[in-house]
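Colleague: Handing over entry_5.pdb, PDB, C-alpha atoms, pLDDT in the B column.
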ATOM      1  CA  MET A   1       4.386 -36.217 -32.123  1.00 37.00           C
ATOM      2  CA  ALA A   2       4.146 -39.023 -29.568  1.00 52.00           C
ATOM      3  CA  GLN A   3       6.806 -41.725 -29.669  1.00 67.00           C
ATOM      4  CA  SER A   4       5.744 -45.264 -30.554  1.00 89.00           C
ATOM      5  CA  ALA A   5       6.030 -47.643 -27.616  1.00 95.00           C
ATOM      6  CA  VAL A   6       8.907 -50.116 -27.399  1.00 97.00           C
ATOM      7  CA  GLN A   7       8.786 -53.319 -25.382  1.00 97.00           C
ATOM      8  CA  GLY A   8       9.662 -52.499 -21.796  1.00 98.00           C
ATOM      9  CA  ALA A   9      12.464 -54.056 -19.728  1.00 98.00           C
ATOM     10  CA  THR A  10      14.551 -55.229 -22.680  1.00 98.00           C
ATOM     11  CA  GLU A  11      17.464 -52.762 -22.698  1.00 97.00           C
ATOM     12  CA  MET A  12      19.653 -51.011 -20.141  1.00 98.00           C
ATOM     13  CA  LEU A  13      19.390 -47.290 -20.767  1.00 97.00           C
ATOM     14  CA  PRO A  14      21.653 -44.886 -18.868  1.00 96.00           C
ATOM     15  CA  HIS A  15      20.202 -43.282 -15.779  1.00 95.00           C
ATOM     16  CA  THR A  16      18.733 -39.843 -16.189  1.00 91.00           C
ATOM     17  CA  THR A  17      20.859 -36.730 -15.825  1.00 92.00           C
ATOM     18  CA  VAL A  18      17.687 -34.665 -15.423  1.00 95.00           C
ATOM     19  CA  GLY A  19      14.621 -35.409 -13.354  1.00 96.00           C
ATOM     20  CA  ARG A  20      14.323 -37.741 -10.405  1.00 98.00           C
ATOM     21  CA  ARG A  21      17.009 -40.267  -9.479  1.00 97.00           C
ATOM     22  CA  PHE A  22      17.056 -42.059  -6.121  1.00 98.00           C
ATOM     23  CA  ARG A  23      19.827 -43.884  -4.227  1.00 98.00           C
ATOM     24  CA  ALA A  24      19.781 -46.286  -1.286  1.00 98.00           C
ATOM     25  CA  GLN A  25      22.337 -48.465   0.488  1.00 98.00           C
ATOM     26  CA  ARG A  26      22.264 -51.861   2.054  1.00 97.00           C
ATOM     27  CA  VAL A  27      24.567 -54.756   3.018  1.00 98.00           C
ATOM     28  CA  VAL A  28      24.306 -58.228   1.471  1.00 98.00           C
ATOM     29  CA  ARG A  29      23.316 -60.589   4.286  1.00 98.00           C
ATOM     30  CA  LEU A  30      23.568 -64.324   4.827  1.00 98.00           C
ATOM     31  CA  GLY A  31      19.920 -64.904   3.873  1.00 97.00           C
ATOM     32  CA  ASP A  32      20.516 -63.245   0.483  1.00 98.00           C
ATOM     33  CA  VAL A  33      23.229 -65.540  -0.864  1.00 96.00           C
ATOM     34  CA  ASP A  34      23.839 -68.990  -2.320  1.00 94.00           C
ATOM     35  CA  PRO A  35      26.250 -71.569  -0.799  1.00 93.00           C
ATOM     36  CA  ALA A  36      29.148 -69.798  -2.546  1.00 94.00           C
ATOM     37  CA  GLY A  37      28.221 -66.518  -0.833  1.00 96.00           C
ATOM     38  CA  ARG A  38      26.907 -64.782  -3.987  1.00 96.00           C
ATOM     39  CA  LEU A  39      23.707 -62.754  -4.183  1.00 97.00           C
ATOM     40  CA  ARG A  40      20.798 -64.876  -5.484  1.00 96.00           C
ATOM     41  CA  LEU A  41      18.300 -63.770  -8.124  1.00 97.00           C
ATOM     42  CA  ASP A  42      15.353 -63.783  -5.705  1.00 97.00           C
ATOM     43  CA  ALA A  43      17.285 -61.615  -3.246  1.00 98.00           C
ATOM     44  CA  THR A  44      18.238 -59.249  -6.081  1.00 98.00           C
ATOM     45  CA  ALA A  45      14.558 -58.930  -7.000  1.00 98.00           C
ATOM     46  CA  ARG A  46      13.743 -58.146  -3.370  1.00 98.00           C
ATOM     47  CA  TYR A  47      16.334 -55.368  -3.377  1.00 98.00           C
ATOM     48  CA  LEU A  48      14.687 -53.933  -6.508  1.00 98.00           C
ATOM     49  CA  GLN A  49      11.270 -54.089  -4.863  1.00 97.00           C
ATOM     50  CA  ASP A  50      12.528 -52.384  -1.711  1.00 98.00           C
ATOM     51  CA  VAL A  51      14.345 -49.523  -3.450  1.00 98.00           C
ATOM     52  CA  ALA A  52      11.309 -48.877  -5.664  1.00 97.00           C
ATOM     53  CA  THR A  53       9.125 -48.634  -2.561  1.00 96.00           C
ATOM     54  CA  ASP A  54      11.629 -46.365  -0.815  1.00 97.00           C
ATOM     55  CA  ASP A  55      11.801 -44.121  -3.876  1.00 98.00           C
ATOM     56  CA  ALA A  56       8.008 -43.830  -4.094  1.00 96.00           C
ATOM     57  CA  THR A  57       7.760 -43.056  -0.376  1.00 96.00           C
ATOM     58  CA  ASP A  58      10.545 -40.480  -0.515  1.00 97.00           C
ATOM     59  CA  GLY A  59       8.940 -38.829  -3.555  1.00 96.00           C
ATOM     60  CA  GLY A  60       5.525 -38.610  -1.865  1.00 96.00           C
ATOM     61  CA  LEU A  61       3.774 -40.818  -4.420  1.00 94.00           C
ATOM     62  CA  ASP A  62       0.090 -41.474  -3.705  1.00 88.00           C
ATOM     63  CA  GLY A  63      -0.083 -44.534  -1.430  1.00 85.00           C
ATOM     64  CA  ARG A  64      -3.590 -45.480  -2.583  1.00 86.00           C
ATOM     65  CA  PHE A  65      -2.063 -47.342  -5.506  1.00 92.00           C
ATOM     66  CA  GLY A  66       0.043 -50.477  -5.558  1.00 92.00           C
ATOM     67  CA  TRP A  67       2.489 -51.917  -8.068  1.00 94.00           C
ATOM     68  CA  LEU A  68       2.931 -55.371  -9.583  1.00 95.00           C
ATOM     69  CA  VAL A  69       5.922 -56.428 -11.667  1.00 97.00           C
ATOM     70  CA  ARG A  70       5.209 -57.450 -15.260  1.00 98.00           C
ATOM     71  CA  ARG A  71       8.714 -58.153 -16.574  1.00 98.00           C
ATOM     72  CA  THR A  72      12.298 -57.921 -15.241  1.00 98.00           C
ATOM     73  CA  LEU A  73      15.716 -58.244 -16.861  1.00 98.00           C
ATOM     74  CA  ILE A  74      18.797 -58.673 -14.640  1.00 98.00           C
ATOM     75  CA  GLU A  75      22.323 -58.524 -16.079  1.00 98.00           C
ATOM     76  CA  ILE A  76      25.095 -59.577 -13.686  1.00 98.00           C
ATOM     77  CA  ALA A  77      28.574 -58.407 -14.662  1.00 98.00           C
ATOM     78  CA  THR A  78      30.072 -59.062 -11.219  1.00 98.00           C
ATOM     79  CA  PRO A  79      27.931 -60.694  -8.496  1.00 97.00           C
ATOM     80  CA  ALA A  80      27.573 -59.111  -5.082  1.00 98.00           C
ATOM     81  CA  VAL A  81      28.850 -61.210  -2.179  1.00 98.00           C
ATOM     82  CA  VAL A  82      27.924 -61.713   1.449  1.00 98.00           C
ATOM     83  CA  GLY A  83      28.982 -58.799   3.653  1.00 98.00           C
ATOM     84  CA  GLU A  84      29.408 -56.420   0.710  1.00 98.00           C
ATOM     85  CA  ALA A  85      28.014 -52.908   1.055  1.00 98.00           C
ATOM     86  CA  VAL A  86      26.044 -52.054  -2.077  1.00 98.00           C
ATOM     87  CA  GLU A  87      24.429 -48.932  -3.470  1.00 98.00           C
ATOM     88  CA  LEU A  88      21.235 -49.030  -5.523  1.00 98.00           C
ATOM     89  CA  THR A  89      20.577 -46.234  -8.013  1.00 98.00           C
ATOM     90  CA  THR A  90      17.112 -46.143  -9.566  1.00 98.00           C
ATOM     91  CA  SER A  91      15.249 -43.960 -12.038  1.00 98.00           C
ATOM     92  CA  CYS A  92      12.231 -44.108 -14.334  1.00 98.00           C
ATOM     93  CA  THR A  93      13.035 -44.670 -18.035  1.00 98.00           C
ATOM     94  CA  GLY A  94       9.625 -45.065 -19.672  1.00 98.00           C
ATOM     95  CA  LEU A  95       5.888 -44.692 -19.265  1.00 97.00           C
ATOM     96  CA  GLY A  96       2.780 -46.472 -20.546  1.00 98.00           C
ATOM     97  CA  ARG A  97      -0.929 -46.245 -19.897  1.00 97.00           C
ATOM     98  CA  SER A  98      -0.904 -48.073 -16.549  1.00 98.00           C
ATOM     99  CA  TRP A  99       2.755 -48.999 -16.203  1.00 98.00           C
ATOM    100  CA  ALA A 100       6.245 -47.580 -15.952  1.00 98.00           C
ATOM    101  CA  GLU A 101       9.761 -48.824 -16.612  1.00 98.00           C
ATOM    102  CA  ARG A 102      12.314 -48.586 -13.809  1.00 98.00           C
ATOM    103  CA  ARG A 103      16.090 -48.925 -14.189  1.00 98.00           C
ATOM    104  CA  THR A 104      18.142 -49.920 -11.156  1.00 98.00           C
ATOM    105  CA  THR A 105      21.896 -50.334 -10.911  1.00 98.00           C
ATOM    106  CA  ILE A 106      23.560 -52.182  -8.027  1.00 98.00           C
ATOM    107  CA  THR A 107      27.225 -51.413  -7.359  1.00 98.00           C
ATOM    108  CA  GLY A 108      29.297 -52.747  -4.484  1.00 98.00           C
ATOM    109  CA  ALA A 109      32.329 -51.876  -2.420  1.00 98.00           C
ATOM    110  CA  ALA A 110      33.920 -55.189  -3.437  1.00 98.00           C
ATOM    111  CA  GLY A 111      33.260 -54.617  -7.145  1.00 98.00           C
ATOM    112  CA  ALA A 112      29.665 -55.847  -7.616  1.00 98.00           C
ATOM    113  CA  ARG A 113      27.967 -54.575 -10.774  1.00 98.00           C
ATOM    114  CA  ILE A 114      24.393 -55.586 -11.560  1.00 98.00           C
ATOM    115  CA  GLU A 115      22.174 -53.782 -14.089  1.00 98.00           C
ATOM    116  CA  THR A 116      18.411 -54.287 -13.986  1.00 98.00           C
ATOM    117  CA  VAL A 117      15.253 -52.986 -15.601  1.00 98.00           C
ATOM    118  CA  SER A 118      11.610 -53.786 -14.820  1.00 98.00           C
ATOM    119  CA  VAL A 119       8.119 -52.891 -15.972  1.00 98.00           C
ATOM    120  CA  TRP A 120       5.783 -52.224 -13.052  1.00 98.00           C
ATOM    121  CA  VAL A 121       1.998 -52.008 -13.452  1.00 98.00           C
ATOM    122  CA  GLN A 122       0.066 -49.593 -11.241  1.00 96.00           C
ATOM    123  CA  ILE A 123      -3.023 -51.142  -9.649  1.00 94.00           C
ATOM    124  CA  ASP A 124      -6.016 -49.958  -7.690  1.00 91.00           C
ATOM    125  CA  MET A 125      -5.555 -51.438  -4.220  1.00 87.00           C
ATOM    126  CA  SER A 126      -9.299 -51.912  -3.747  1.00 84.00           C
ATOM    127  CA  THR A 127      -9.724 -54.010  -6.908  1.00 86.00           C
ATOM    128  CA  ALA A 128      -6.170 -55.239  -7.654  1.00 83.00           C
ATOM    129  CA  ARG A 129      -6.812 -54.135 -11.259  1.00 91.00           C
ATOM    130  CA  PRO A 130      -4.543 -51.936 -13.426  1.00 95.00           C
ATOM    131  CA  THR A 131      -5.343 -48.236 -13.339  1.00 96.00           C
ATOM    132  CA  ARG A 132      -4.029 -45.317 -15.380  1.00 96.00           C
ATOM    133  CA  LEU A 133      -0.934 -43.504 -14.188  1.00 97.00           C
ATOM    134  CA  THR A 134      -1.849 -40.356 -12.323  1.00 95.00           C
ATOM    135  CA  ASP A 135      -0.841 -36.784 -13.107  1.00 96.00           C
ATOM    136  CA  GLN A 136       1.105 -36.879  -9.847  1.00 96.00           C
ATOM    137  CA  PHE A 137       3.201 -39.799 -11.101  1.00 96.00           C
ATOM    138  CA  THR A 138       3.967 -37.996 -14.356  1.00 96.00           C
ATOM    139  CA  GLU A 139       4.928 -34.855 -12.448  1.00 97.00           C
ATOM    140  CA  ILE A 140       7.384 -36.792 -10.270  1.00 97.00           C
ATOM    141  CA  TYR A 141       8.904 -39.146 -12.870  1.00 97.00           C
ATOM    142  CA  GLY A 142       7.985 -37.791 -16.294  1.00 96.00           C
ATOM    143  CA  THR A 143      11.012 -35.527 -16.770  1.00 97.00           C
ATOM    144  CA  ALA A 144      13.412 -38.440 -16.337  1.00 97.00           C
ATOM    145  CA  CYS A 145      11.601 -40.427 -19.066  1.00 95.00           C
ATOM    146  CA  ALA A 146      11.968 -37.667 -21.683  1.00 91.00           C
ATOM    147  CA  GLY A 147       8.768 -38.799 -23.421  1.00 92.00           C
ATOM    148  CA  ARG A 148       9.914 -42.413 -23.914  1.00 97.00           C
ATOM    149  CA  ALA A 149       6.908 -44.742 -24.249  1.00 97.00           C
ATOM    150  CA  VAL A 150       7.084 -48.420 -23.301  1.00 98.00           C
ATOM    151  CA  SER A 151       4.672 -51.339 -23.600  1.00 98.00           C
ATOM    152  CA  ALA A 152       3.983 -54.103 -21.095  1.00 97.00           C
ATOM    153  CA  ARG A 153       4.207 -56.722 -23.843  1.00 97.00           C
ATOM    154  CA  LEU A 154       5.669 -60.156 -23.035  1.00 97.00           C
ATOM    155  CA  SER A 155       7.855 -62.175 -25.377  1.00 96.00           C
ATOM    156  CA  LEU A 156       9.348 -65.317 -23.809  1.00 97.00           C
ATOM    157  CA  GLY A 157       6.640 -67.606 -25.189  1.00 94.00           C
ATOM    158  CA  PRO A 158       5.244 -70.949 -23.923  1.00 95.00           C
ATOM    159  CA  PRO A 159       7.052 -74.181 -23.013  1.00 96.00           C
ATOM    160  CA  PRO A 160       7.074 -77.234 -25.314  1.00 95.00           C
ATOM    161  CA  ALA A 161       4.038 -79.443 -24.813  1.00 91.00           C
ATOM    162  CA  ASP A 162       6.117 -82.569 -24.132  1.00 91.00           C
ATOM    163  CA  GLY A 163       8.945 -81.033 -22.117  1.00 92.00           C
ATOM    164  CA  PRO A 164      10.016 -82.378 -18.718  1.00 94.00           C
ATOM    165  CA  ARG A 165       8.289 -81.226 -15.534  1.00 95.00           C
ATOM    166  CA  ARG A 166       9.312 -80.836 -11.930  1.00 93.00           C
ATOM    167  CA  PRO A 167       6.943 -80.439  -8.988  1.00 93.00           C
ATOM    168  CA  TRP A 168       6.906 -77.040  -7.291  1.00 96.00           C
ATOM    169  CA  ARG A 169       5.267 -76.220  -3.977  1.00 94.00           C
ATOM    170  CA  VAL A 170       3.907 -72.799  -3.063  1.00 95.00           C
ATOM    171  CA  ARG A 171       4.877 -71.939   0.499  1.00 94.00           C
ATOM    172  CA  ARG A 172       2.890 -69.660   2.802  1.00 94.00           C
ATOM    173  CA  THR A 173       6.024 -67.583   3.324  1.00 96.00           C
ATOM    174  CA  ASP A 174       6.083 -66.786  -0.425  1.00 96.00           C
ATOM    175  CA  LEU A 175       2.742 -64.937  -0.338  1.00 96.00           C
ATOM    176  CA  ASP A 176       2.324 -61.163  -0.273  1.00 93.00           C
ATOM    177  CA  ARG A 177      -0.517 -58.852   0.777  1.00 87.00           C
ATOM    178  CA  PHE A 178      -2.485 -59.765  -2.373  1.00 87.00           C
ATOM    179  CA  ASP A 179      -2.357 -63.472  -1.359  1.00 92.00           C
ATOM    180  CA  HIS A 180      -0.182 -64.203  -4.401  1.00 94.00           C
ATOM    181  CA  VAL A 181       3.424 -65.350  -4.590  1.00 97.00           C
ATOM    182  CA  ASN A 182       5.528 -62.202  -4.297  1.00 96.00           C
ATOM    183  CA  ASN A 183       7.531 -61.301  -7.411  1.00 96.00           C
ATOM    184  CA  ALA A 184      10.840 -61.686  -5.561  1.00 97.00           C
ATOM    185  CA  ALA A 185       9.923 -65.110  -4.140  1.00 97.00           C
ATOM    186  CA  ASN A 186       8.846 -66.181  -7.633  1.00 97.00           C
ATOM    187  CA  TRP A 187      12.474 -66.052  -8.812  1.00 97.00           C
ATOM    188  CA  ALA A 188      13.192 -69.097  -6.654  1.00 96.00           C
ATOM    189  CA  PHE A 189      11.748 -71.416  -9.303  1.00 97.00           C
ATOM    190  CA  LEU A 190      14.358 -70.240 -11.835  1.00 96.00           C
ATOM    191  CA  GLU A 191      17.094 -70.823  -9.259  1.00 94.00           C
ATOM    192  CA  GLU A 192      15.720 -74.353  -8.819  1.00 93.00           C
ATOM    193  CA  ALA A 193      15.390 -75.003 -12.544  1.00 92.00           C
ATOM    194  CA  VAL A 194      18.892 -73.841 -13.418  1.00 87.00           C
ATOM    195  CA  GLY A 195      20.473 -75.706 -10.524  1.00 78.00           C
ATOM    196  CA  THR A 196      23.938 -74.945  -9.193  1.00 68.00           C
ATOM    197  CA  PHE A 197      25.384 -71.806 -10.767  1.00 72.00           C
ATOM    198  CA  THR A 198      29.040 -72.350 -11.682  1.00 76.00           C
ATOM    199  CA  ASP A 199      29.289 -68.610 -12.314  1.00 85.00           C
ATOM    200  CA  ARG A 200      26.596 -66.040 -11.576  1.00 91.00           C
ATOM    201  CA  ARG A 201      27.703 -63.764 -14.399  1.00 96.00           C
ATOM    202  CA  GLY A 202      24.957 -63.634 -17.021  1.00 96.00           C
ATOM    203  CA  ALA A 203      21.468 -62.398 -17.817  1.00 97.00           C
ATOM    204  CA  ALA A 204      18.163 -63.472 -16.282  1.00 97.00           C
ATOM    205  CA  GLU A 205      14.667 -62.628 -17.502  1.00 98.00           C
ATOM    206  CA  MET A 206      11.351 -63.134 -15.739  1.00 98.00           C
ATOM    207  CA  GLU A 207       7.869 -62.455 -17.119  1.00 98.00           C
ATOM    208  CA  PHE A 208       4.837 -62.567 -14.822  1.00 98.00           C
ATOM    209  CA  VAL A 209       1.918 -63.786 -16.902  1.00 97.00           C
ATOM    210  CA  ALA A 210      -0.630 -64.515 -14.166  1.00 96.00           C
ATOM    211  CA  PRO A 211      -0.583 -64.533 -10.351  1.00 95.00           C
ATOM    212  CA  VAL A 212       0.368 -67.670  -8.443  1.00 96.00           C
ATOM    213  CA  GLY A 213      -2.157 -68.254  -5.677  1.00 94.00           C
ATOM    214  CA  PRO A 214      -1.716 -70.067  -2.351  1.00 93.00           C
ATOM    215  CA  ASP A 215      -3.481 -73.247  -3.443  1.00 89.00           C
ATOM    216  CA  ALA A 216      -2.151 -73.390  -6.990  1.00 90.00           C
ATOM    217  CA  ASP A 217      -1.137 -76.814  -8.289  1.00 94.00           C
ATOM    218  CA  VAL A 218       1.991 -75.759 -10.133  1.00 96.00           C
ATOM    219  CA  ALA A 219       4.984 -77.377 -11.779  1.00 97.00           C
ATOM    220  CA  ILE A 220       8.225 -76.196 -13.341  1.00 97.00           C
ATOM    221  CA  ARG A 221       8.222 -76.828 -17.092  1.00 97.00           C
ATOM    222  CA  LEU A 222      11.515 -77.143 -18.974  1.00 96.00           C
ATOM    223  CA  ASP A 223      12.723 -77.251 -22.568  1.00 95.00           C
ATOM    224  CA  PRO A 224      15.511 -79.787 -23.221  1.00 93.00           C
ATOM    225  CA  ASP A 225      16.508 -77.856 -26.339  1.00 94.00           C
ATOM    226  CA  ARG A 226      16.829 -74.517 -24.488  1.00 93.00           C
ATOM    227  CA  PRO A 227      19.037 -74.826 -21.400  1.00 90.00           C
ATOM    228  CA  GLY A 228      18.187 -72.073 -18.931  1.00 93.00           C
ATOM    229  CA  ALA A 229      14.554 -71.710 -20.040  1.00 96.00           C
ATOM    230  CA  ALA A 230      11.892 -72.460 -17.434  1.00 97.00           C
ATOM    231  CA  TRP A 231       8.199 -71.861 -16.858  1.00 98.00           C
ATOM    232  CA  LEU A 232       5.879 -72.099 -13.878  1.00 97.00           C
ATOM    233  CA  ALA A 233       2.596 -73.574 -15.066  1.00 97.00           C
ATOM    234  CA  SER A 234      -0.706 -74.824 -13.694  1.00 95.00           C
ATOM    235  CA  ASP A 235      -3.042 -77.137 -15.644  1.00 89.00           C
ATOM    236  CA  GLY A 236      -1.375 -76.138 -18.895  1.00 87.00           C
ATOM    237  CA  ASP A 237      -1.567 -72.387 -18.202  1.00 95.00           C
ATOM    238  CA  VAL A 238       1.713 -70.510 -17.987  1.00 97.00           C
ATOM    239  CA  LEU A 239       1.944 -68.344 -14.864  1.00 98.00           C
ATOM    240  CA  SER A 240       5.568 -67.205 -15.233  1.00 98.00           C
ATOM    241  CA  ALA A 241       8.245 -67.537 -17.899  1.00 98.00           C
ATOM    242  CA  ALA A 242      11.966 -67.177 -17.218  1.00 98.00           C
ATOM    243  CA  HIS A 243      15.367 -67.618 -18.815  1.00 97.00           C
ATOM    244  CA  TRP A 244      18.967 -67.647 -17.610  1.00 96.00           C
ATOM    245  CA  ALA A 245      21.858 -67.131 -20.033  1.00 95.00           C
ATOM    246  CA  PRO A 246      25.352 -67.401 -18.514  1.00 93.00           C
ATOM    247  CA  ARG A 247      27.925 -64.991 -19.817  1.00 88.00           C
ATOM    248  CA  GLY A 248      30.106 -66.732 -22.368  1.00 67.00           C
TER     249      GLY A 248
END
I'd like the structure from this file rewritten - as structure tokens, please.
Modeller:
Amino acid sequence: MAQSAVQGATEMLPHTTVGRRFRAQRVVRLGDVDPAGRLRLDATARYLQDVATDDATDGGLDGRFGWLVRRTLIEIATPAVVGEAVELTTSCTGLGRSWAERRTTITGAAGARIETVSVWVQIDMSTARPTRLTDQFTEIYGTACAGRAVSARLSLGPPPADGPRRPWRVRRTDLDRFDHVNNAANWAFLEEAVGTFTDRRGAAEMEFVAPVGPDADVAIRLDPDRPGAAWLASDGDVLSAAHWAPRG
């Protein structure tokens, strides 16, 4: 009997002990950190994007398909710092019709510990539309998932109609090969909304509702009753929803 689908990218499951698991290393560089020398959220998201690509390449996954992030949860127990050597461990923890859930753990030589999980949607590169997961994908990653089914459902909800707004400018350097703001660059608006982090220990969520194009007239929307909540919106339409909750 097939399992009912649970909302993806909401819990940190342990990495698989069977099936495919991939590891990569890198060093936290100056362009990845805030003024205090701690790894930023947008840089973390870029690490996740890079290790997912490296895993797919190493596994021989069909390059005709691309992937777009639908939702990401990042939990920072101990932030990585500039100059720290880190290891990224990634595995697949759930499957859907056109999407998959990917867990990634970042650990560092200086004690960094960051747990993440994302839902990625497979797309046809010729149409930029979602397409069903292939038999090849299931053969490579299915064992690690152990039949766990996930949905690509979103849950952060809309901003208040009368909440404060801040202007936000899309930069050419934020755009990816689809001519949309790259998922990693998109995290910059949450960094801006939250302001100076007194402590980067906490949990961050990002949901990608619709793509942000190069000429989009966008603004950051806030909720005065929910510190840490932020949205990127255009003409009343939510494009991204995010939330930061510092560890108490």
Colleague: Skipping near chain neighbours, those fewer than 4 positions away, what residues fall within 7 Å of stretch 158-174 of chain A using only C-alpha atoms, listed as a VMD selection string?
Modeller: chain A and resid 181 to 182 185 214 218 to 224 231 238
Colleague: For a cutoff of 10 Å around the file-coordinate point (26.3, -65.9, -1.3), which residues qualify once you count all atoms listed in the file? I'd like the result as a PyMOL selection string.
Modeller: chain A and resi 28-40+79-83
Colleague: Take the point (21.7, -56.6, -16.9) in the file's coordinates, draw a sphere of radius 12 Å around it, and report as a PyMOL selection string every protein, DNA or RNA residue with an atom inside or on it, counting all atoms listed in the file.
Modeller: chain A and resi 9-14+41+44+72-79+103-106+113-118+200-205+244-247
Colleague: Starting from the shown file, work through the PyMOL selection byres ((chain A and resi 121) around 9) and note down what comes out as a list in words.
Modeller: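 On this input, the PyMOL selection byres ((chain A and resi 121) around 9) captures Gly66, Trp67, Leu68, Val69, Arg70, Ser98, Trp99, Ala100, Glu101, Val119, Trp120, Gln122, Ile123, Pro130, Thr131 and Ala152 of chain A.
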Colleague: Here's the selection I'm unsure about, the PyMOL selection byres ((chain A and resi 109) around 8); applied to the file above, which residues does it give, as a list in words?
Modeller: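 Applying the PyMOL selection byres ((chain A and resi 109) around 8) to the structure shown produces Glu84, Ala85, Val86, Thr107, Gly108, Ala110, Gly111 and Ala112 of chain A.
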Colleague: When you look at stretch 46-57 of chain A with a cut-off of 7 Å (counting all atoms listed in the file), what residues show up, excluding the ones that are within fewer than 3 positions of it in the same chain? I need them as a list in words.
Modeller: Phe22, Ala24, Asp42, Ala43, Gly60, Leu61 and Ala184 of chain A
Colleague: Can you tell me which residues surround A:Phe178 at a distance of at most 10 Å, considering all atoms listed in the file, apart from same-chain residues fewer than 3 positions away, and format the answer as a VMD selection string?
Modeller: chain A and resid 125 128 175 181 to 182 211 213
Colleague: Atom CA of A:Thr89 and atom CA of A:Leu156, how far apart in Å?
Modeller: 27.2 Å
Colleague: Around stretch 224-231 of chain A, with edges along x, y and z and 4 Å added on all six sides, what centre and edge lengths do you get, in Å to one decimal, as JSON?
Modeller:
{"center_x": 13.6, "center_y": -75.7, "center_z": -21.6, "size_x": 18.8, "size_y": 16.1, "size_z": 17.5}
Colleague: Using all atoms listed in the file, which of A:Leu232, A:Ala5, A:Leu133, A:Val27 sits nearest A:Phe65?
Modeller: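 With all atoms listed in the file as the atom set, the closest residue is A:Leu133.
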Colleague: Could you check which of A:Ser240, A:Thr93, A:Gln25, A:Thr198 is closest to A:Gly142, using all atoms listed in the file?
Modeller: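 Using all atoms listed in the file, the shortest distance to A:Gly142 belongs to A:Thr93.
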Colleague: For A:Gly157, find every residue with an atom within 12 Å (counting all atoms listed in the file), except residues of its own chain fewer than 3 positions away, and show them as a list in words.
Modeller: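 Near neighbours after the sequence-gap exclusion: Arg153, Leu154, Pro160, Met206, Glu207, Phe208, Val209, Asp223, Ala229, Ala230, Trp231, Asp237, Val238, Leu239, Ser240, Ala241, Ala242 and His243 of chain A.
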Colleague: If I take atom CA of A:Arg226 and atom CA of A:Phe189, how far is one from the other in Å, to one decimal?
Modeller: 16.3 Å
Colleague: If I take atom CA of A:Asp215 and atom CA of A:Arg64, how far is one from the other in Å, to one decimal?
Modeller: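 According to the coordinates, atom CA of A:Asp215 and atom CA of A:Arg64 are separated by 27.8 Å.
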Colleague: Using all atoms listed in the file, pick whichever of A:Ala149, A:Ile140, A:Glu87, A:Asp124 has the shortest atom-to-atom distance to A:Arg26.
Modeller: A:Glu87
Colleague: Starting from the incomplete input, reconstruct N, CA and C atoms of stretch 163-174 of chain A and write that as a CSV table (one decimal), in the frame of the given file.
Modeller:
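What ended up in part10.csv:
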chain,number,residue,atom,x,y,z
A,163,GLY,N,7.7,-81.2,-22.9
A,163,GLY,CA,8.9,-81.0,-22.1
A,163,GLY,C,8.9,-81.6,-20.7
A,164,PRO,N,10.0,-81.8,-20.1
A,164,PRO,CA,10.0,-82.4,-18.7
A,164,PRO,C,9.4,-81.4,-17.7
A,165,ARG,N,8.9,-82.0,-16.6
A,165,ARG,CA,8.3,-81.2,-15.5
A,165,ARG,C,8.9,-81.6,-14.2
A,166,ARG,N,8.9,-80.6,-13.3
A,166,ARG,CA,9.3,-80.8,-11.9
A,166,ARG,C,8.2,-80.3,-11.0
A,167,PRO,N,7.9,-81.0,-9.9
A,167,PRO,CA,6.9,-80.4,-9.0
A,167,PRO,C,7.5,-79.2,-8.3
A,168,TRP,N,6.6,-78.3,-8.0
A,168,TRP,CA,6.9,-77.0,-7.3
A,168,TRP,C,5.8,-76.7,-6.3
A,169,ARG,N,6.2,-76.4,-5.1
A,169,ARG,CA,5.3,-76.2,-4.0
A,169,ARG,C,5.3,-74.8,-3.6
A,170,VAL,N,4.1,-74.2,-3.5
A,170,VAL,CA,3.9,-72.8,-3.1
A,170,VAL,C,3.9,-72.8,-1.5
A,171,ARG,N,4.8,-72.0,-1.0
A,171,ARG,CA,4.9,-71.9,0.5
A,171,ARG,C,4.1,-70.7,1.0
A,172,ARG,N,3.6,-70.8,2.2
A,172,ARG,CA,2.9,-69.7,2.8
A,172,ARG,C,3.8,-68.4,2.9
A,173,THR,N,5.1,-68.7,3.2
A,173,THR,CA,6.0,-67.6,3.3
A,173,THR,C,6.3,-66.9,2.0
A,174,ASP,N,5.9,-67.4,0.9
A,174,ASP,CA,6.1,-66.8,-0.4
A,174,ASP,C,5.0,-65.7,-0.7
